[in-house]
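Down below is the structure, laid out as structure tokens.
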Amino acid sequence: VVAVDLHCGQIQGFFGPNTPCDNLDGSVVALPYFASTELALDRNNTVVVSPDAGGVYRAKNFREGLLAMGLNAKLAMIIKQREAANQIKQMDLVGDVEGCDCIIVDDMIDTAGTLCKAAEELKKRGAKRIYAFATHGVFSGPAIDRINQSQFEKVVVCNTIPMDGKGHSDKILVLSVAQLLAKAMESIHFRKSISKLFTLQPGKLPLFTKPVGDHDE
């Protein structure tokens with residue numbers, strides 16, 4: 001079984017010993033976009049932001065990926081106090097984002113309420129430009145409208161969930177995981193290392209990053 005960014009990594013343990021499960025890191029397809037000269041993030045004044053305490057490990061890995069690609073990013077975290085599911089009472093920021101380009105990193109975007117409030121909080125704290133990356137774009141309910149009206153320059157997701165029928169937003173960029181999955185399956189079939197797919201070398205971009213709509217072979 002080949003999965004991409006399971007919401008909880010421990011899910012791998014529920015597959016029996018005769019059903020190996022590989023959980024791929026979807027962020028590797030987004031790193032070249034954020035490190036590109038076209039996007040022109042401030043290479044010495046960019047902050048990767050975790051939207052909650054549980055996502056710090058994911059944000060840290062994303063930051064390390066940017067560092068490997070020559071972008072000297074820092075790390076920050078938002079601490080949320082919830083009133084109910086998808087309802088935030090208060091947000092506190094740990095870290096400094098004033099005058100910085102910010103990238104909020106999460107595994108999925110559902111209604112985008114929390115995500116957009118996090119962007120507002122970063123803007124209040126003096127952030128210059130705000131982006132988001134999440135592997136899975138669920139985009140349920142008012143998510144698209146919220147993103148259209150948000151502080152985000154761009155919200156980047158992978159095509160692990162079809163966008164058909166979810167609406168359109170010029171702020172949303174969908175990247176393809178087709179080549180990542182193909183390389184992983186090839187590695188499994190020929191008994192090669194999968195971890196090498198995620199080993200980033202300074203100045204060298206992964207080969208499997210492109211927007212949806214380009215021809216996937």
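So you can find residues: chains in the structure tokens are A, B, ... in the order shown, residues in each start at 1, and ligands are numbered from 1 in order.
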TODO: For Pro162 in chain A, please output as a list in words all residues within 9 Å (counting only C-alpha atoms; exclusion window: fewer than 3 positions along the same chain).
DONE: Gly137, Val138, Asn159, Gly165 and Lys166 of chain A
Need the shell around Leu6 in chain A: protein/DNA/RNA residues with any atom at most 10 Å away, counting only C-alpha atoms. Skip same-chain ones fewer than 6 positions apart. Format as a CSV table (one decimal) with C-alpha atoms, in the first residue's frame?
chain,number,residue,atom,x,y,z
A,12,GLN,CA,0.6,2.4,9.0
A,22,ASP,CA,4.7,3.2,2.7
A,23,ASN,CA,3.6,6.7,3.7
A,24,LEU,CA,5.1,9.3,1.3
A,25,ASP,CA,5.8,12.9,2.3
A,26,GLY,CA,3.7,15.1,-0.1
A,107,ASP,CA,-1.5,18.1,6.1
A,108,MET,CA,-5.0,19.1,4.9
A,135,THR,CA,-1.0,18.0,0.9
A,136,HIS,CA,-4.8,17.3,0.9
TODO: Using only C-alpha atoms, find the one residue out of A:Asp101, A:Glu186, A:Asp110, A:Glu38 that sits nearest to Gly141 in chain A.
DONE: A:Asp110
Open item on the list: I'd like to know which residues of range 40-190 of chain A are strand (DSSP E or B) (by DSSP, run on the backbone); could you write them as a VMD selection string?
Closed with: chain A and resid 46 to 50 73 to 84 87 to 94 101 to 109 129 to 137 154 to 159 172 to 175
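In this structure, CA of Lys89 in chain A sits 26.5 Å away from CA of Lys74 in chain A.
Among the candidate residues A:Val48, A:Ala53, A:Leu67, A:Ala143, the one lying nearest to Ala127 in chain A is A:Val48, with distances computed using only C-alpha atoms.
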- [ ] Enumerate the residues of range 33-216 of chain A with a DSSP assignment of helix (DSSP H, G or I), computed from the backbone, and present them as an MDAnalysis selection string.
- [x] chainID A and resid 33:35 53:68 113:124 143:148 178:189 195:198
Task: Of the listed residues A:Ile144, A:Glu98, A:Ala178, A:Thr111, that which approaches Lys123 in chain A most closely, counting only C-alpha atoms - done: A:Glu98
Task: Shell around Gly95 in chain A at 10 Å using only C-alpha atoms, local window under 6 positions removed, as a PyMOL selection string - done: chain A and resi 47+49+74-78
Those same residues, written as a PDB file, in the first residue's frame with N, CA, C and O atoms?
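Below you can see out13.pdb, which holds the result:
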ATOM      1  N   VAL A  47       9.510  32.606   7.053  1.00  0.00           N
ATOM      2  CA  VAL A  47       9.158  31.818   8.239  1.00  0.00           C
ATOM      3  C   VAL A  47       8.167  30.724   7.859  1.00  0.00           C
ATOM      4  O   VAL A  47       7.151  31.001   7.219  1.00  0.00           O
ATOM      5  N   VAL A  49       5.399  28.334   9.270  1.00  0.00           N
ATOM      6  CA  VAL A  49       4.528  28.416  10.442  1.00  0.00           C
ATOM      7  C   VAL A  49       3.720  27.135  10.588  1.00  0.00           C
ATOM      8  O   VAL A  49       3.047  26.705   9.646  1.00  0.00           O
ATOM      9  N   LYS A  74      13.012  30.404   8.904  1.00  0.00           N
ATOM     10  CA  LYS A  74      12.885  30.240  10.351  1.00  0.00           C
ATOM     11  C   LYS A  74      11.595  29.484  10.650  1.00  0.00           C
ATOM     12  O   LYS A  74      10.843  29.123   9.737  1.00  0.00           O
ATOM     13  N   LEU A  75      11.328  29.249  11.923  1.00  0.00           N
ATOM     14  CA  LEU A  75      10.167  28.455  12.328  1.00  0.00           C
ATOM     15  C   LEU A  75       9.337  29.205  13.359  1.00  0.00           C
ATOM     16  O   LEU A  75       9.875  29.859  14.252  1.00  0.00           O
ATOM     17  N   ALA A  76       8.020  29.119  13.219  1.00  0.00           N
ATOM     18  CA  ALA A  76       7.093  29.716  14.195  1.00  0.00           C
ATOM     19  C   ALA A  76       5.913  28.763  14.389  1.00  0.00           C
ATOM     20  O   ALA A  76       5.713  27.833  13.598  1.00  0.00           O
ATOM     21  N   MET A  77       5.131  29.020  15.433  1.00  0.00           N
ATOM     22  CA  MET A  77       4.013  28.133  15.740  1.00  0.00           C
ATOM     23  C   MET A  77       2.833  28.942  16.259  1.00  0.00           C
ATOM     24  O   MET A  77       3.009  29.915  17.005  1.00  0.00           O
ATOM     25  N   ILE A  78       1.633  28.533  15.858  1.00  0.00           N
ATOM     26  CA  ILE A  78       0.406  29.141  16.371  1.00  0.00           C
ATOM     27  C   ILE A  78      -0.222  28.192  17.387  1.00  0.00           C
ATOM     28  O   ILE A  78      -0.349  26.991  17.132  1.00  0.00           O
TER      29      ILE A  78
END
Task: Closest of A:Asn18, A:Ser176, A:Asn72, A:Ser140 to Val156 in chain A - atom-to-atom distances counting only C-alpha atoms - done: A:Ser176
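What separates CA of Cys8 in chain A from CA of Thr46 in chain A is a distance of 27.6 Å.
Nearest residue to Phe34 in chain A among A:Arg146, A:Lys154, A:Arg125, A:Lys60 is A:Lys154, counting only C-alpha atoms.
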Open item on the list: Need the shell around range 128-132 of chain A: protein/DNA/RNA residues with any atom at most 10 Å away, counting only C-alpha atoms. Skip same-chain ones fewer than 4 positions apart. Format as a PyMOL selection string?
Closed with: chain A and resi 34+41-42+45-49+97-106+109+115-116+118-120+122-123+150-157+171-172
Task: Separation of CA of Asp5 in chain A from CA of Cys158 in chain A, in Å and rounded to one decimal - done: 10.6 Å
